[in-house]
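What follows is the content of structure-v1.txt (compact mmCIF, C-alpha atoms).
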```txt
# COMPACT_ATOMS: atom_id res chain seq x y z
CA GLN A 144 49.70 80.37 -96.64
CA ASP A 145 48.16 78.80 -93.54
CA ARG A 146 44.72 80.12 -94.47
CA ARG A 147 45.00 78.58 -97.92
CA LEU A 148 45.32 75.16 -96.27
CA LEU A 149 41.73 75.57 -95.06
CA THR A 150 40.15 76.36 -98.43
CA ASN A 151 38.93 72.79 -98.87
CA TYR A 152 36.92 72.94 -95.65
CA SER A 153 33.46 74.27 -94.83
CA GLN A 154 33.33 76.48 -91.75
CA ILE A 155 30.54 76.94 -89.23
CA GLY A 156 31.24 79.43 -86.47
CA ALA A 157 29.76 80.85 -83.28
CA PRO A 158 29.59 84.58 -82.52
CA THR A 159 32.37 86.16 -80.50
CA SER A 160 31.52 87.84 -77.23
CA CYS A 161 34.71 88.73 -75.39
CA LYS A 162 35.10 91.94 -73.44
CA ILE A 163 36.64 95.01 -75.06
CA GLY A 164 40.41 94.91 -74.74
CA HIS A 165 40.56 91.11 -74.84
CA PRO A 166 41.32 89.01 -77.95
CA ARG A 167 38.19 88.35 -79.97
CA GLY A 168 37.97 84.66 -79.29
CA GLY A 169 35.35 82.45 -80.85
CA VAL A 170 34.84 78.89 -81.96
CA SER A 171 34.57 77.44 -85.43
CA LEU A 172 34.15 73.92 -86.76
CA LEU A 173 35.84 73.00 -90.05
CA PHE A 174 34.54 70.08 -92.11
CA LYS A 175 35.12 68.41 -95.43
CA PRO A 176 32.05 69.45 -97.47
CA HIS A 177 30.97 65.88 -98.24
CA LEU A 178 30.10 65.38 -94.55
CA GLN A 179 27.25 67.88 -94.98
CA PRO A 180 27.04 69.08 -91.37
CA LYS A 181 23.77 70.65 -90.23
CA LEU A 182 23.84 73.48 -87.70
CA HIS A 183 22.26 72.18 -84.49
CA TYR A 184 23.13 74.61 -81.69
CA ARG A 185 24.89 77.94 -81.27
CA TYR A 186 25.23 80.02 -78.12
CA ALA A 187 27.57 82.71 -76.82
CA THR A 188 28.03 84.84 -73.71
CA SER A 189 30.96 86.81 -72.31
CA HIS A 190 32.07 83.63 -70.47
CA TYR A 191 31.78 80.93 -73.12
CA GLN A 192 30.97 80.13 -76.73
CA VAL A 193 29.68 76.87 -78.16
CA ILE A 194 28.77 75.66 -81.64
CA GLY A 195 27.19 72.30 -82.43
CA VAL A 196 26.40 70.47 -85.67
CA ARG A 197 24.81 67.16 -86.57
CA ILE A 198 26.47 64.82 -89.08
CA ARG A 199 23.97 62.05 -89.75
CA SER A 200 23.53 60.45 -86.31
CA ILE A 201 26.47 62.14 -84.57
CA TYR A 202 26.56 65.50 -82.80
CA VAL A 203 29.83 67.46 -82.86
CA PHE A 204 30.39 70.45 -80.58
CA ALA A 205 33.24 72.93 -80.19
CA GLU A 206 33.43 75.04 -77.06
CA TYR A 207 35.54 77.71 -75.40
CA ILE A 208 35.22 78.53 -71.69
CA SER A 209 36.91 81.65 -70.37
CA PRO A 210 39.39 81.30 -67.48
CA ALA A 211 37.28 83.95 -65.71
CA ALA A 212 34.06 81.90 -65.88
CA PRO A 213 32.59 81.31 -62.39
CA ALA A 214 31.50 77.85 -61.29
CA GLN A 215 27.77 78.46 -61.78
CA ILE A 216 28.34 79.56 -65.37
CA ILE A 217 30.37 76.44 -66.08
CA ARG A 218 27.63 74.22 -64.69
CA ALA A 219 24.99 76.05 -66.74
CA CYS A 220 27.07 75.67 -69.89
CA LEU A 221 27.58 71.92 -69.40
CA THR A 222 23.91 71.44 -68.58
CA GLN A 223 23.01 73.06 -71.90
CA ILE A 224 25.34 70.70 -73.73
CA GLN A 225 23.76 67.70 -72.03
CA GLN A 226 20.29 68.89 -73.03
CA VAL A 227 21.04 69.45 -76.73
CA ALA A 228 23.37 66.45 -77.28
CA LYS A 229 20.61 64.03 -78.26
CA GLY A 230 22.76 61.02 -79.05
CA THR A 231 26.30 59.95 -79.87
CA SER A 232 28.37 63.09 -79.34
CA LEU A 233 31.84 64.57 -79.58
CA LEU A 234 32.79 67.76 -77.73
CA ILE A 235 36.16 69.41 -78.36
CA GLY A 236 37.39 72.58 -76.78
CA ASP A 237 39.60 74.86 -74.80
CA PHE A 238 37.84 74.50 -71.46
CA ASN A 239 40.57 76.16 -69.37
CA ALA A 240 39.91 73.17 -67.12
CA ARG A 241 42.69 71.49 -65.17
CA HIS A 242 42.39 68.26 -63.21
CA THR A 243 44.87 65.70 -61.93
CA ASN A 244 43.14 63.11 -64.13
CA TRP A 245 44.99 64.72 -67.06
CA ASP A 246 47.09 67.59 -65.66
CA VAL A 247 49.32 68.29 -62.66
CA LYS A 248 46.77 70.32 -60.68
CA ASN A 249 43.05 71.03 -60.27
CA ASN A 250 41.01 74.17 -60.77
CA VAL A 251 37.31 74.92 -60.37
CA ARG A 252 36.59 74.33 -64.07
CA GLY A 253 38.33 70.97 -63.99
CA ARG A 254 36.50 69.81 -60.88
CA ASN A 255 33.14 70.83 -62.32
CA LEU A 256 33.91 69.18 -65.64
CA VAL A 257 34.88 65.86 -64.04
CA LYS A 258 31.78 65.82 -61.81
CA TRP A 259 29.55 66.57 -64.80
CA ALA A 260 31.19 63.94 -67.01
CA GLN A 261 30.90 61.24 -64.34
CA LYS A 262 27.26 62.07 -63.64
CA SER A 263 26.24 62.41 -67.30
CA GLY A 264 28.15 59.48 -68.78
CA TRP A 265 30.73 61.37 -70.87
CA GLY A 266 34.36 60.30 -71.25
CA ILE A 267 37.22 62.81 -71.06
CA HIS A 268 40.24 62.31 -73.33
CA ALA A 269 43.42 64.37 -73.07
CA PRO A 270 46.99 64.13 -74.35
CA SER A 271 49.76 63.24 -71.93
CA SER A 272 51.72 66.44 -72.55
CA PRO A 273 50.77 70.14 -72.21
CA THR A 274 48.60 71.69 -74.90
CA PHE A 275 49.16 75.28 -73.78
CA HIS A 276 52.44 77.10 -73.10
CA CYS A 277 53.04 80.65 -71.89
CA ALA A 278 55.60 82.63 -69.90
CA THR A 279 54.11 81.55 -66.58
CA GLY A 280 53.92 77.82 -67.29
CA SER A 281 52.12 75.12 -69.23
CA SER A 282 48.94 73.08 -68.87
CA VAL A 283 46.61 70.57 -70.51
CA ILE A 284 43.44 72.56 -71.24
CA ASP A 285 42.58 71.49 -74.82
CA ILE A 286 40.68 68.23 -74.49
CA ILE A 287 38.07 66.00 -76.14
CA ILE A 288 34.91 64.72 -74.46
CA THR A 289 32.76 61.95 -75.91
CA LYS A 290 29.45 60.19 -75.32
CA GLY A 291 28.80 56.85 -77.03
CA LEU A 292 32.20 56.90 -78.76
CA GLU A 293 35.57 55.38 -77.94
CA MET A 294 38.78 56.84 -79.24
CA GLU A 295 42.50 56.36 -79.08
CA ASN A 296 44.33 58.63 -76.66
CA PRO A 297 44.74 62.16 -78.09
CA VAL A 298 48.25 63.24 -79.01
CA ILE A 299 50.05 66.49 -79.71
CA GLN A 300 50.59 66.73 -83.46
CA GLU A 301 52.69 69.08 -85.55
CA THR A 302 50.67 70.33 -88.52
CA PRO A 303 51.24 72.95 -91.20
CA TRP A 304 48.20 74.87 -89.97
CA SER A 305 49.48 75.33 -86.42
CA LEU A 306 49.34 79.13 -86.22
CA SER A 307 49.73 79.59 -82.49
CA LEU A 308 52.88 79.34 -80.40
CA GLN A 309 50.80 78.89 -77.23
CA HIS A 310 48.12 76.29 -78.06
CA LYS A 311 49.23 73.04 -79.63
CA THR A 312 47.34 70.92 -82.12
CA VAL A 313 45.53 67.95 -80.56
CA ALA A 314 44.62 64.94 -82.73
CA ALA A 315 42.62 61.81 -81.95
CA THR A 316 41.09 58.92 -83.88
CA VAL A 317 37.63 57.53 -83.19
CA LYS A 318 37.61 53.74 -82.99
CA ALA A 319 35.66 52.36 -85.94
CA SER A 320 33.97 49.61 -83.93
CA HIS A 321 32.28 52.26 -81.78
CA SER A 322 31.53 54.88 -84.40
CA PRO A 323 28.52 55.08 -86.73
CA GLY A 324 29.41 55.30 -90.40
CA ALA A 325 29.73 59.07 -90.73
CA LEU A 326 32.79 59.37 -88.48
CA ALA A 327 34.27 55.87 -88.52
CA SER A 328 38.03 55.96 -88.04
CA LYS A 329 38.17 59.68 -88.74
CA THR A 330 40.95 61.75 -87.20
CA PHE A 331 39.96 64.99 -85.51
CA VAL A 332 42.62 67.67 -85.52
CA LYS A 333 42.14 70.65 -83.26
CA ASP A 334 44.26 73.79 -83.35
CA TRP A 335 42.91 76.36 -80.94
CA TYR A 336 44.19 79.31 -82.92
CA THR A 337 42.59 78.01 -86.09
CA GLU A 338 39.41 76.39 -84.80
CA THR A 339 39.05 78.73 -81.82
CA LYS A 340 39.55 81.51 -84.33
CA ARG A 341 40.43 85.14 -83.74
CA LYS A 342 37.71 86.78 -85.81
CA GLU A 343 39.10 90.27 -86.29
CA GLU A 344 36.99 90.75 -89.40
CA THR A 345 33.65 90.44 -87.57
CA GLU A 346 32.54 92.33 -84.46
CA HIS A 347 29.76 91.10 -82.18
CA GLU A 348 28.14 92.72 -79.20
CA GLU A 349 29.24 91.58 -75.77
CA ASN A 350 26.89 89.00 -74.26
CA ALA A 351 25.44 88.17 -77.65
CA VAL A 352 23.09 85.22 -77.26
CA ILE A 353 22.08 83.28 -80.36
CA PRO A 354 20.56 79.91 -79.45
CA ILE A 355 19.70 77.63 -82.36
CA VAL A 356 18.42 74.10 -81.85
CA ASP A 357 17.02 72.03 -84.69
```

How does the structure come out when it is put into structure tokens?
Amino acid sequence: QDRRLLTNYSQIGAPTSCKIGHPRGGVSLLFKPHLQPKLHYRYATSHYQVIGVRIRSIYVFAEYISPAAPAQIIRACLTQIQQVAKGTSLLIGDFNARHTNWDVKNNVRGRNLVKWAQKSGWGIHAPSSPTFHCATGSSVIDIIITKGLEMENPVIQETPWSLSLQHKTVAATVKASHSPGALASKTFVKDWYTETKRKEETEHEENAVIPIVD
């Protein structure tokens, strides 16, 4: 039933590349077909996956960073994003990044993300309540990062396509006065079981690297 809710969307995904024995994580972007997204960038390693599309003048990226990713990998990943994001951009993802700017503690991914955002001119937007829950605790690790866009504060939202009991759905609305026509006042809903999909039906080699830049 939950999958049927997505039949009216077009999907563009990145390859999976998680180690054997781990869930086959990956990232996918779902769009209404009339937006006509064009694949702009796709890259995957055992530490992170990213997919980027262009919708008219706006670049939209989805990214997953493993909690095992070392600091140098995180910096390399963010540098790549900065290089391929050629204009107004939106980056959504499970970064496994914690920082006291939006969570109750810091980790190495959060510190690197904040330093990069401040240096590169990106804004970080996060809900005020945890987006991830497990037996050992909760955290805010599903966030939205923007360049050249302003948006209302993200919120946790209950949706019929919330398939995960651990990751919550995060929703945010881009402010129309700061958004070119394609995405004006559009609400972005992110469910990191749906959009960071478990792709059991497709196997990919570990460390698969598929860069595509238009």

Excluding Leu221 (chain A) and any residue of its chain fewer than 3 positions from it, enumerate the residues within 8 Å of it, using all atoms listed in the file, and give them as an MDAnalysis selection string.
-> chainID A and resid 217:218 224:225 256 259

Could you name the residues that touch Ile235 (chain A) at 7 Å or less, counting only C-alpha atoms, but leaving out those on the same chain fewer than 3 positions away, as a ChimeraX atom specification?
-> /A:204-206,286-288

May I have the residues within 6 Å of region 174-180 of chain A as a PyMOL selection string, using all atoms listed in the file and disregarding those fewer than 6 positions away in the same chain?
-> chain A and resi 152-153+196-198

Identify the residues within 9 Å of coordinate (34.3, 63.8, -80.0) (same frame as the file), considering all atoms listed in the file, and give the answer as number ranges by chain.
-> A: 202-204, 231-235, 287-290, 292-294, 315, 317, 331

re CA of His190 (chain A) and CA of Ala240 (chain A): distance 13.5 Å

Select, counting all atoms listed in the file, all protein, DNA and RNA residues no farther than 6 Å from (49.7, 69.1, -81.3) in file coordinates, and express the selection as an MDAnalysis selection string.
-> chainID A and resid 299:301 311:313

Find the spatial neighbours of Ile194 (chain A), counting all atoms listed in the file, within a cut-off of 8 Å - ignore same-chain residues fewer than 2 positions away - and output them as a VMD selection string.
-> chain A and resid 155 to 157 170 to 172 183 to 186 192 196 204 to 206

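Checking A:Ile216, A:Ala269, A:Ile284, A:Ala278 one by one against Phe238 (chain A), counting all atoms listed in the file, you find the shortest gap at A:Ile284.
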
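With all atoms listed in the file as the atoms that count, the residue of A:Arg199, A:Cys277, A:Leu173, A:Ser282 with the shortest distance to Asn151 (chain A) is A:Leu173.
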
Find the residues near Ala211 (chain A): any atom within 10 Å, counting all atoms listed in the file, skip ones fewer than 3 places away on the same chain, and give them as a count of residues only.
-> 8

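A straight line drawn from CA of Val283 (chain A) to CA of Val251 (chain A) is 14.4 Å long.
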
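Of note, CA of Ser272 (chain A) and CA of Asn244 (chain A) are spaced 12.5 Å apart.
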